[in-house]
Amino acid sequence: MRERLTAAFIVLSIVLLLGAGAVRTYVLRDLFREQVAGQLDGRAQLLGEILAERTASGGTIDVAELAALAGREERLEYVGDPDEEPVVATGADWDGADDPGDGISASANAGADAMVTVTAAPSVVRDIIGRDVGSIAALFLLIAVAAGMAGFLVATALSSPFQRLAVAAGALGRGRFDLELPDTKIPEAREIANALRSSALALEDRVHRERAFAEHASHVLRTPLTGIRLELEDLSLRDDLPTDAQEVVARCLTRVEEVSSVAAELVEITRRGSLVVGAEVPLSELSTQIAQRWADRLAVRNRALTAAVEGDLTLTYTPGPVEHATDLLLADVVRRGTGAVRIVFHAEPAGQLRVTVLCAGRVPDEDLARDSVDRMAQVRVVVEALGGRVTGTHPVDGVEVLLPRR
């Protein structure tokens, strides 16, 4: 987007310059013609006086005489008698036709009945206009470079919010709710940011409601079923119970077990459902992405990161929650730990993901006195909202996060 906006800005600037240059050239052409015509009028008056003096002193005007007076790009025409052919002479660089109407002309009296006409070659105006073509081209190039730089800055300012919105939309599609949205004054970008924020809040609220529903359903369904089962078991142990009643109680116990099993399956399906359909990533790919990103960040601080993946590497997980929790964990390692860092991803047989983070050293507590951000508290809030749990308090001793399959 930025490159296209920059190119459009440059093209628009050049088109506007060319249009303005064409209009200006047309106006200057008329001004130059008027200027040249004024110069020719004065020259014609001067030549008329010279020729009038020569004819008055008994001299004759011929081609050689006129050629000596003609400029390099001029055509002189002398008419001494209307009944005689005019005398015509041209300068060495005359490139016009014999018709004086092709150039700019001026006439003056050169005696009683004589007339002299001075005509400038058509190339005179063209030479004046094209004299600074090189400097104009250099100016256009300089303006194009300036337009490109200005366009790049403007395009960067315009496209930056939309690039950040694209990143935020991708994060939401991966199941992350902590979106980094731009604070911009562009109305369209602001509307998109508000829409993404609303979507993230709605999706997060859905996750919390589904988790609450699973916990409530587990409690509401299993508790009464357990009570019924215990009552039936007590009843089945009575000696005074008839045989047919014992058979009925046994069948009821079987049905209660079936209903309890179905309730457990429904709760598990709710917990295992995909957070964002189609966003699941295999554990091998997800762990590689997270480890590579944080290895680059820690390398800037001269700290090494090693990673390991255990369990079933083909299990798929919604990347957003895993990335969010892991980012907060490793941010806490950067804040409170020193030395090398190790992270282990372990896929449990039941499908949960266990993430363990350790580091080699500890930052002294006095160095953390001014830091009011509690990353571990943030980790616990996020993980518990997703239905997981956190074990450990400091990365030196190891911090373990257990996340559900979704």
# chains A, B, ... in the order shown; residues from 1 in each chain; ligands from 1

$ residues_around --residues "Leu40 in chain A" --least-positions-apart "5" --cutoff "12 Å" --atoms "only C-alpha atoms" --output "PDB file with C-alpha atoms, in the first residue's frame"
ATOM      1  CA  ARG A  33       6.718  36.953 -29.581  1.00  0.00           C
ATOM      2  CA  GLU A  34       5.608  40.361 -28.342  1.00  0.00           C
ATOM      3  CA  GLN A  35       9.104  41.041 -27.011  1.00  0.00           C
ATOM      4  CA  GLN A  45      13.061  51.977 -37.732  1.00  0.00           C
ATOM      5  CA  LEU A  46      16.852  52.068 -37.454  1.00  0.00           C
ATOM      6  CA  LEU A  47      17.365  50.260 -40.802  1.00  0.00           C
ATOM      7  CA  GLY A  48      14.804  52.545 -42.456  1.00  0.00           C
ATOM      8  CA  ALA A  70      20.971  41.659 -42.052  1.00  0.00           C
ATOM      9  CA  GLY A  71      21.377  39.769 -38.830  1.00  0.00           C
ATOM     10  CA  GLU A  73      18.653  34.979 -38.304  1.00  0.00           C
ATOM     11  CA  GLU A  74      16.913  37.818 -40.170  1.00  0.00           C
ATOM     12  CA  ARG A  75      15.340  38.407 -43.551  1.00  0.00           C
ATOM     13  CA  LEU A  76      15.408  41.941 -44.941  1.00  0.00           C
ATOM     14  CA  GLY A 103       8.155  34.619 -38.926  1.00  0.00           C
ATOM     15  CA  ILE A 104       7.735  37.762 -36.865  1.00  0.00           C
ATOM     16  CA  SER A 105       7.945  40.887 -39.017  1.00  0.00           C
ATOM     17  CA  ALA A 106       8.157  44.635 -38.591  1.00  0.00           C
ATOM     18  CA  SER A 107       8.167  47.343 -41.301  1.00  0.00           C
ATOM     19  CA  ALA A 108       9.331  50.961 -41.430  1.00  0.00           C
ATOM     20  CA  VAL A 116      11.969  48.041 -45.377  1.00  0.00           C
ATOM     21  CA  THR A 117      10.651  44.900 -43.687  1.00  0.00           C
ATOM     22  CA  VAL A 118      12.626  42.949 -41.043  1.00  0.00           C
ATOM     23  CA  THR A 119      11.569  39.350 -40.406  1.00  0.00           C
ATOM     24  CA  ALA A 120      12.939  37.160 -37.600  1.00  0.00           C
ATOM     25  CA  ALA A 121      13.312  33.450 -38.268  1.00  0.00           C
ATOM     26  CA  VAL A 124      14.224  32.689 -32.695  1.00  0.00           C
TER      27      VAL A 124
END

$ residues_around --residues "range 168-172 of chain A" --least-positions-apart "2" --cutoff "10 Å" --atoms "only C-alpha atoms" --output "PyMOL selection string"
chain A and resi 162-166+174-182+192-193+196-197+199-200+203+276+279+319-320+323-324

$ atom_distance --atom1 "CA of Ala195 in chain A" --atom2 "CA of Leu286 in chain A"
27.4 Å

$ residues_around --residues "range 296-298 of chain A" --least-positions-apart "3" --cutoff "10 Å" --atoms "only C-alpha atoms" --output "PyMOL selection string"
chain A and resi 291-293+301-305+330+334+339-341

$ atom_distance --atom1 "CA of Val309 in chain A" --atom2 "CA of Val399 in chain A"
16.2 Å

$ closest_residue --among "A:Arg375, A:Arg54, A:Arg72, A:Arg229" --to "Ala114 in chain A" --atoms "only C-alpha atoms"
A:Arg54

$ select_by_dssp --residues "range 34-63 of chain A" --states "helix (DSSP H, G or I)" --output "ChimeraX atom specification"
/A:34-56,63

$ residues_around --residues "His394 in chain A" --least-positions-apart "5" --cutoff "9 Å" --atoms "only C-alpha atoms" --output "ChimeraX atom specification"
/A:332-333,336-337,358,362,376,399

$ residues_around --residues "Ile10 in chain A" --least-positions-apart "4" --cutoff "8 Å" --atoms "only C-alpha atoms" --output "list in words"
Thr6, Ile14, Ala144, Ala147, Gly148 and Gly151 of chain A

$ write_last_selection --atoms "C-alpha atoms" --output "PDB file, in the first residue's frame"
ATOM      1  CA  THR A   6       4.149   6.875  -3.126  1.00  0.00           C
ATOM      2  CA  ILE A  14       4.672  15.114 -12.410  1.00  0.00           C
ATOM      3  CA  ALA A 144      10.160  14.490  -8.750  1.00  0.00           C
ATOM      4  CA  ALA A 147       7.658  14.631  -4.524  1.00  0.00           C
ATOM      5  CA  GLY A 148       8.827  11.053  -3.992  1.00  0.00           C
ATOM      6  CA  GLY A 151       4.909  11.010  -1.050  1.00  0.00           C
TER       7      GLY A 151
END

$ atom_distance --atom1 "CA of Leu51 in chain A" --atom2 "CA of Thr90 in chain A"
16.3 Å

$ select_by_dssp --residues "range 329-402 of chain A" --states "strand (DSSP E)" --output "list in words"
Gly337, Thr338, Gly339, Ala340, Val341, Arg342, Ile343, Val344, Phe345, His346, Ala347, Leu353, Arg354, Val355, Thr356, Val357, Leu358, Cys359, Ala360, Gly361, Arg362, Arg389, Val390, Thr391, Val399, Glu400, Val401 and Leu402 of chain A

$ write_last_selection --atoms "N, CA and C atoms" --output "PDB file, in the first residue's frame"
ATOM      1  N   GLY A 337      14.282 -12.223  35.187  1.00  0.00           N
ATOM      2  CA  GLY A 337      15.304 -13.255  35.069  1.00  0.00           C
ATOM      3  C   GLY A 337      16.522 -12.787  34.298  1.00  0.00           C
ATOM      4  N   THR A 338      17.588 -13.543  34.410  1.00  0.00           N
ATOM      5  CA  THR A 338      18.829 -13.265  33.678  1.00  0.00           C
ATOM      6  C   THR A 338      19.347 -14.578  33.099  1.00  0.00           C
ATOM      7  N   GLY A 339      20.296 -14.445  32.159  1.00  0.00           N
ATOM      8  CA  GLY A 339      20.944 -15.625  31.603  1.00  0.00           C
ATOM      9  C   GLY A 339      20.087 -16.340  30.581  1.00  0.00           C
ATOM     10  N   ALA A 340      20.488 -17.577  30.279  1.00  0.00           N
ATOM     11  CA  ALA A 340      19.827 -18.367  29.250  1.00  0.00           C
ATOM     12  C   ALA A 340      18.402 -18.728  29.668  1.00  0.00           C
ATOM     13  N   VAL A 341      17.550 -18.904  28.650  1.00  0.00           N
ATOM     14  CA  VAL A 341      16.139 -19.211  28.870  1.00  0.00           C
ATOM     15  C   VAL A 341      15.816 -20.525  28.154  1.00  0.00           C
ATOM     16  N   ARG A 342      14.988 -21.337  28.792  1.00  0.00           N
ATOM     17  CA  ARG A 342      14.537 -22.588  28.177  1.00  0.00           C
ATOM     18  C   ARG A 342      13.024 -22.645  28.258  1.00  0.00           C
ATOM     19  N   ILE A 343      12.415 -23.090  27.148  1.00  0.00           N
ATOM     20  CA  ILE A 343      10.963 -23.238  27.107  1.00  0.00           C
ATOM     21  C   ILE A 343      10.649 -24.617  26.556  1.00  0.00           C
ATOM     22  N   VAL A 344       9.716 -25.294  27.199  1.00  0.00           N
ATOM     23  CA  VAL A 344       9.339 -26.654  26.813  1.00  0.00           C
ATOM     24  C   VAL A 344       7.835 -26.688  26.570  1.00  0.00           C
ATOM     25  N   PHE A 345       7.456 -27.191  25.386  1.00  0.00           N
ATOM     26  CA  PHE A 345       6.054 -27.393  25.041  1.00  0.00           C
ATOM     27  C   PHE A 345       5.770 -28.894  25.114  1.00  0.00           C
ATOM     28  N   HIS A 346       4.779 -29.264  25.910  1.00  0.00           N
ATOM     29  CA  HIS A 346       4.466 -30.681  26.077  1.00  0.00           C
ATOM     30  C   HIS A 346       2.976 -30.906  25.843  1.00  0.00           C
ATOM     31  N   ALA A 347       2.660 -31.715  24.840  1.00  0.00           N
ATOM     32  CA  ALA A 347       1.268 -32.051  24.554  1.00  0.00           C
ATOM     33  C   ALA A 347       0.857 -33.234  25.420  1.00  0.00           C
ATOM     34  N   LEU A 353      -2.151 -28.585  26.723  1.00  0.00           N
ATOM     35  CA  LEU A 353      -0.784 -28.153  26.400  1.00  0.00           C
ATOM     36  C   LEU A 353      -0.122 -27.617  27.665  1.00  0.00           C
ATOM     37  N   ARG A 354       1.049 -28.185  27.978  1.00  0.00           N
ATOM     38  CA  ARG A 354       1.797 -27.744  29.141  1.00  0.00           C
ATOM     39  C   ARG A 354       3.028 -26.972  28.658  1.00  0.00           C
ATOM     40  N   VAL A 355       3.153 -25.732  29.093  1.00  0.00           N
ATOM     41  CA  VAL A 355       4.274 -24.874  28.709  1.00  0.00           C
ATOM     42  C   VAL A 355       5.091 -24.575  29.959  1.00  0.00           C
ATOM     43  N   THR A 356       6.374 -24.926  29.924  1.00  0.00           N
ATOM     44  CA  THR A 356       7.263 -24.706  31.066  1.00  0.00           C
ATOM     45  C   THR A 356       8.374 -23.746  30.656  1.00  0.00           C
ATOM     46  N   VAL A 357       8.602 -22.727  31.465  1.00  0.00           N
ATOM     47  CA  VAL A 357       9.628 -21.714  31.187  1.00  0.00           C
ATOM     48  C   VAL A 357      10.584 -21.654  32.364  1.00  0.00           C
ATOM     49  N   LEU A 358      11.884 -21.676  32.073  1.00  0.00           N
ATOM     50  CA  LEU A 358      12.923 -21.555  33.100  1.00  0.00           C
ATOM     51  C   LEU A 358      13.984 -20.585  32.617  1.00  0.00           C
ATOM     52  N   CYS A 359      14.703 -19.973  33.565  1.00  0.00           N
ATOM     53  CA  CYS A 359      15.837 -19.120  33.220  1.00  0.00           C
ATOM     54  C   CYS A 359      16.972 -19.387  34.205  1.00  0.00           C
ATOM     55  N   ALA A 360      18.173 -18.918  33.861  1.00  0.00           N
ATOM     56  CA  ALA A 360      19.370 -19.271  34.642  1.00  0.00           C
ATOM     57  C   ALA A 360      19.535 -18.423  35.890  1.00  0.00           C
ATOM     58  N   GLY A 361      19.191 -17.156  35.836  1.00  0.00           N
ATOM     59  CA  GLY A 361      19.465 -16.264  36.956  1.00  0.00           C
ATOM     60  C   GLY A 361      18.279 -15.419  37.351  1.00  0.00           C
ATOM     61  N   ARG A 362      18.468 -14.646  38.424  1.00  0.00           N
ATOM     62  CA  ARG A 362      17.407 -13.836  39.011  1.00  0.00           C
ATOM     63  C   ARG A 362      17.863 -12.382  39.109  1.00  0.00           C
ATOM     64  N   ARG A 389      -4.425 -23.330  34.200  1.00  0.00           N
ATOM     65  CA  ARG A 389      -3.877 -23.000  35.521  1.00  0.00           C
ATOM     66  C   ARG A 389      -2.382 -22.736  35.403  1.00  0.00           C
ATOM     67  N   VAL A 390      -1.849 -22.012  36.400  1.00  0.00           N
ATOM     68  CA  VAL A 390      -0.439 -21.639  36.429  1.00  0.00           C
ATOM     69  C   VAL A 390       0.171 -22.197  37.697  1.00  0.00           C
ATOM     70  N   THR A 391       1.361 -22.788  37.554  1.00  0.00           N
ATOM     71  CA  THR A 391       2.091 -23.331  38.697  1.00  0.00           C
ATOM     72  C   THR A 391       3.467 -22.685  38.739  1.00  0.00           C
ATOM     73  N   VAL A 399       8.235 -21.932  35.815  1.00  0.00           N
ATOM     74  CA  VAL A 399       6.818 -21.571  35.794  1.00  0.00           C
ATOM     75  C   VAL A 399       6.152 -22.463  34.773  1.00  0.00           C
ATOM     76  N   GLU A 400       5.047 -23.080  35.165  1.00  0.00           N
ATOM     77  CA  GLU A 400       4.365 -24.039  34.301  1.00  0.00           C
ATOM     78  C   GLU A 400       2.937 -23.566  34.060  1.00  0.00           C
ATOM     79  N   VAL A 401       2.546 -23.598  32.810  1.00  0.00           N
ATOM     80  CA  VAL A 401       1.187 -23.193  32.420  1.00  0.00           C
ATOM     81  C   VAL A 401       0.527 -24.372  31.732  1.00  0.00           C
ATOM     82  N   LEU A 402      -0.665 -24.705  32.167  1.00  0.00           N
ATOM     83  CA  LEU A 402      -1.453 -25.767  31.543  1.00  0.00           C
ATOM     84  C   LEU A 402      -2.654 -25.138  30.863  1.00  0.00           C
TER      85      LEU A 402
END
